[in-house]
Amino acid sequence: RNPRRNPRTAIVAGKLLLRGDESALHAQLESLAAAVGDCAILRKEPGVATSIFTATFDRLVVLAENDDTEKGPLAWSPLVLDAGKPGGSLSDWTLLPLGGVDQILLPGFHTAAENGLKRGNANGEEVFTSTCALMASGCRTILISRWRIGGQSTYDLMREFLQELPHDSAADAWRRSVQLASDRLLDLTLEGRLKAPANTPAFKADHPFFWSGYMLIDTGATLPDKEPAGAVK
């Protein structure tokens, strides 16, 4: 399948260590939705198995913690909202070949790298097997975190990446989004993993901590010059 120029997007609303009240979360979600265009914001479990439900979308952005990844590389729920429910695990997603979303962004994914490889005998299976299974379900572009950052910096990166995707390859879009997001001043009151005194001067998000934890997996497919005849709008 070729990527769509105007993909339908589902955004899972979560806090991802975003400090502040609900108004801060709402503002970040609104900004992201405005950048995406055609999208739906999901806040609760849908009424059907997500292995089927997500087939109605082209892109999934999961702004929530993937806390159940330790269950196994095929046992966690990509949508998060239906963790532990029938039809929601990654293994269920692979039962319908090419039925999943084309693009998936998982900035809240947890791996052994997050704990400095201190727990267990980590061998990278949670990343390798999970991404292979996502590709088998139909994903063609995967952005996955090896350690989650959260906060404004994560929302900025995701927004820039989504804005760049319609105009460039995934690799170039990600490189450009890192450059743009890294040049922004951080709002320290919205960064859940930063502990800074109240009088700390503002600084940019150019430190590798904020962007080097993400891994991009992509087929290298480019956008068609125009939508094929008869394409669903």
# chains A, B, ... in the order shown; residues from 1 in each chain; ligands from 1

call {"tool": "closest_atom_pairs", "arguments": {"of": "region 69-101 of chain A", "to": "region 131-148 of chain A", "cutoff": "10 Å", "atoms": "only C-alpha atoms", "output": "Markdown table"}}
result
| residue | atom | partner | partner_atom | distance |
| --- | --- | --- | --- | --- |
| A:Pro73 | CA | A:Ala133 | CA | 8.6 |
| A:Leu74 | CA | A:Ala133 | CA | 7.5 |
| A:Pro78 | CA | A:Leu134 | CA | 9.1 |
| A:Leu90 | CA | A:Ala133 | CA | 7.2 |
| A:Ser91 | CA | A:Ala133 | CA | 7.6 |
| A:Asp92 | CA | A:Ser137 | CA | 9.2 |
| A:Trp93 | CA | A:Ser137 | CA | 5.9 |
| A:Thr94 | CA | A:Ser137 | CA | 4.6 |
| A:Leu95 | CA | A:Ser137 | CA | 7.6 |
| A:Leu96 | CA | A:Ser137 | CA | 6.8 |
| A:Pro97 | CA | A:Ser137 | CA | 5.3 |
| A:Leu98 | CA | A:Gly138 | CA | 3.8 |
| A:Gly99 | CA | A:Gly138 | CA | 5.9 |
| A:Gly100 | CA | A:Gly138 | CA | 4.9 |
| A:Val101 | CA | A:Cys139 | CA | 5.5 |

call {"tool": "closest_residue", "arguments": {"among": "A:Gln163, A:Ser169, A:Thr154, A:Thr9", "to": "Gly213 (chain A)", "atoms": "only C-alpha atoms"}}
result
A:Thr154

call {"tool": "select_by_dssp", "arguments": {"residues": "region 114-216 of chain A", "states": "helix (DSSP H, G or I)", "output": "number ranges by chain"}}
result
A: 114-115, 125-137, 151-167, 170-182, 188-190, 208-210

call {"tool": "atom_distance", "arguments": {"atom1": "CA of Thr111 (chain A)", "atom2": "CA of Val127 (chain A)"}}
result
7.3 Å

call {"tool": "closest_residue", "arguments": {"among": "A:Ala35, A:Ile104, A:Ala181, A:Leu188", "to": "Phe210 (chain A)", "atoms": "only C-alpha atoms"}}
result
A:Ala181

call {"tool": "residues_around", "arguments": {"residues": "region 189-203 of chain A", "least_positions_apart": "4", "cutoff": "10 Å", "atoms": "only C-alpha atoms", "output": "PyMOL selection string"}}
result
chain A and resi 15-21+24-25+148-154+183-185+207

call {"tool": "write_last_selection", "arguments": {"atoms": "N, CA, C and O atoms", "output": "compact mmCIF listing (two decimals), in the first residue's frame"}}
result
# COMPACT_ATOMS: atom_id res chain seq x y z
N LYS A 15 -1.39 11.88 29.34
CA LYS A 15 -0.62 13.00 29.86
C LYS A 15 0.87 12.88 29.57
O LYS A 15 1.56 13.87 29.45
N LEU A 16 1.40 11.66 29.48
CA LEU A 16 2.82 11.48 29.19
C LEU A 16 3.70 12.39 30.05
O LEU A 16 4.56 13.11 29.56
N LEU A 17 3.47 12.36 31.35
CA LEU A 17 4.25 13.15 32.31
C LEU A 17 4.16 14.65 32.06
O LEU A 17 5.06 15.40 32.39
N LEU A 18 3.06 15.09 31.45
CA LEU A 18 2.87 16.52 31.22
C LEU A 18 2.39 17.17 32.51
O LEU A 18 1.33 16.84 33.03
N ARG A 19 3.19 18.06 33.04
CA ARG A 19 2.81 18.76 34.27
C ARG A 19 1.70 19.77 33.98
O ARG A 19 1.42 20.10 32.84
N GLY A 20 1.13 20.30 35.06
CA GLY A 20 0.09 21.31 34.91
C GLY A 20 -1.29 20.71 35.03
O GLY A 20 -1.47 19.51 35.23
N ASP A 21 -2.31 21.56 34.90
CA ASP A 21 -3.69 21.09 35.05
C ASP A 21 -4.22 20.60 33.70
O ASP A 21 -3.50 20.50 32.72
N ALA A 24 -3.61 22.61 30.43
CA ALA A 24 -2.34 22.46 29.72
C ALA A 24 -2.41 21.29 28.76
O ALA A 24 -1.96 21.38 27.60
N LEU A 25 -3.00 20.18 29.21
CA LEU A 25 -3.16 19.02 28.34
C LEU A 25 -4.08 19.35 27.17
O LEU A 25 -3.80 18.98 26.02
N ARG A 148 10.72 7.14 27.50
CA ARG A 148 9.76 8.20 27.27
C ARG A 148 10.19 9.45 28.02
O ARG A 148 10.71 9.39 29.13
N ILE A 149 9.98 10.57 27.37
CA ILE A 149 10.34 11.87 27.93
C ILE A 149 9.10 12.56 28.48
O ILE A 149 9.03 12.98 29.62
N GLY A 150 8.08 12.65 27.62
CA GLY A 150 6.86 13.34 28.04
C GLY A 150 7.04 14.84 28.04
O GLY A 150 8.08 15.38 27.65
N GLY A 151 6.02 15.54 28.49
CA GLY A 151 6.10 16.98 28.59
C GLY A 151 5.94 17.68 27.25
O GLY A 151 5.68 17.08 26.22
N GLN A 152 6.13 18.99 27.28
CA GLN A 152 5.97 19.82 26.10
C GLN A 152 6.92 19.39 24.98
O GLN A 152 6.56 19.41 23.80
N SER A 153 8.14 18.97 25.34
CA SER A 153 9.12 18.61 24.32
C SER A 153 8.63 17.45 23.46
O SER A 153 8.85 17.45 22.24
N THR A 154 7.95 16.49 24.05
CA THR A 154 7.42 15.36 23.29
C THR A 154 6.30 15.81 22.36
O THR A 154 6.26 15.42 21.18
N ASP A 183 15.10 23.71 18.68
CA ASP A 183 15.39 25.14 18.70
C ASP A 183 14.41 25.92 19.56
O ASP A 183 14.54 27.13 19.71
N ARG A 184 13.42 25.22 20.15
CA ARG A 184 12.42 25.89 20.97
C ARG A 184 12.85 25.94 22.44
O ARG A 184 13.49 25.03 22.94
N LEU A 185 12.44 27.02 23.11
CA LEU A 185 12.68 27.12 24.55
C LEU A 185 11.68 26.23 25.29
O LEU A 185 10.50 26.17 24.96
N HIS A 207 19.31 19.21 23.90
CA HIS A 207 20.09 18.12 24.50
C HIS A 207 19.58 16.78 23.96
O HIS A 207 18.37 16.59 23.79

call {"tool": "residues_around", "arguments": {"residues": "region 81-84 of chain A", "least_positions_apart": "4", "cutoff": "7 Å", "atoms": "only C-alpha atoms", "output": "list in words"}}
result
Lys44, Glu45, Trp76, Ser77 and Gly88 of chain A

call {"tool": "closest_residue", "arguments": {"among": "A:Ala13, A:Ala171, A:Cys39, A:Ala34", "to": "Leu79 (chain A)", "atoms": "only C-alpha atoms"}}
result
A:Ala13

call {"tool": "atom_distance", "arguments": {"atom1": "CA of Leu162 (chain A)", "atom2": "CA of Gly108 (chain A)"}}
result
16.4 Å

call {"tool": "atom_distance", "arguments": {"atom1": "CA of Val12 (chain A)", "atom2": "CA of Ala27 (chain A)"}}
result
14.7 Å

call {"tool": "residues_around", "arguments": {"residues": "Gly47 (chain A)", "least_positions_apart": "4", "cutoff": "12 Å", "atoms": "only C-alpha atoms", "output": "compact mmCIF listing (two decimals) with N, CA, C and O atoms, in the first residue's frame"}}
result
# COMPACT_ATOMS: atom_id res chain seq x y z
N LEU A 42 -9.23 10.19 21.05
CA LEU A 42 -9.80 9.08 21.81
C LEU A 42 -9.40 9.21 23.28
O LEU A 42 -8.21 9.30 23.60
N SER A 51 -8.23 -4.09 17.39
CA SER A 51 -7.61 -4.70 16.22
C SER A 51 -8.48 -4.50 14.98
O SER A 51 -7.97 -4.51 13.85
N ILE A 52 -9.78 -4.29 15.19
CA ILE A 52 -10.70 -4.00 14.09
C ILE A 52 -10.94 -2.49 13.98
O ILE A 52 -10.95 -1.92 12.89
N PHE A 53 -11.11 -1.84 15.13
CA PHE A 53 -11.42 -0.41 15.16
C PHE A 53 -10.34 0.43 14.49
O PHE A 53 -10.63 1.35 13.73
N THR A 54 -9.08 0.12 14.73
CA THR A 54 -7.99 0.94 14.19
C THR A 54 -7.86 0.81 12.68
O THR A 54 -7.20 1.64 12.04
N LEU A 81 -5.71 2.14 25.62
CA LEU A 81 -7.01 2.31 26.26
C LEU A 81 -7.69 0.98 26.56
O LEU A 81 -8.52 0.90 27.46
N ASP A 82 -7.35 -0.06 25.82
CA ASP A 82 -8.00 -1.37 26.01
C ASP A 82 -7.01 -2.41 26.50
O ASP A 82 -7.15 -3.60 26.20
N LYS A 85 -7.73 -6.24 27.37
CA LYS A 85 -9.05 -6.60 26.86
C LYS A 85 -8.93 -7.47 25.60
O LYS A 85 -7.95 -7.37 24.87
N PRO A 86 -9.92 -8.34 25.35
CA PRO A 86 -9.87 -9.18 24.14
C PRO A 86 -9.80 -8.34 22.86
O PRO A 86 -10.48 -7.33 22.73
N GLY A 87 -8.95 -8.76 21.95
CA GLY A 87 -8.83 -8.07 20.67
C GLY A 87 -7.97 -6.83 20.70
O GLY A 87 -7.90 -6.11 19.69
N GLY A 88 -7.29 -6.57 21.81
CA GLY A 88 -6.52 -5.35 21.91
C GLY A 88 -5.01 -5.52 21.90
O GLY A 88 -4.28 -4.55 21.74

call {"tool": "select_by_dssp", "arguments": {"residues": "region 58-210 of chain A", "states": "strand (DSSP E)", "output": "PyMOL selection string"}}
result
chain A and resi 59-62+103-106+141-145
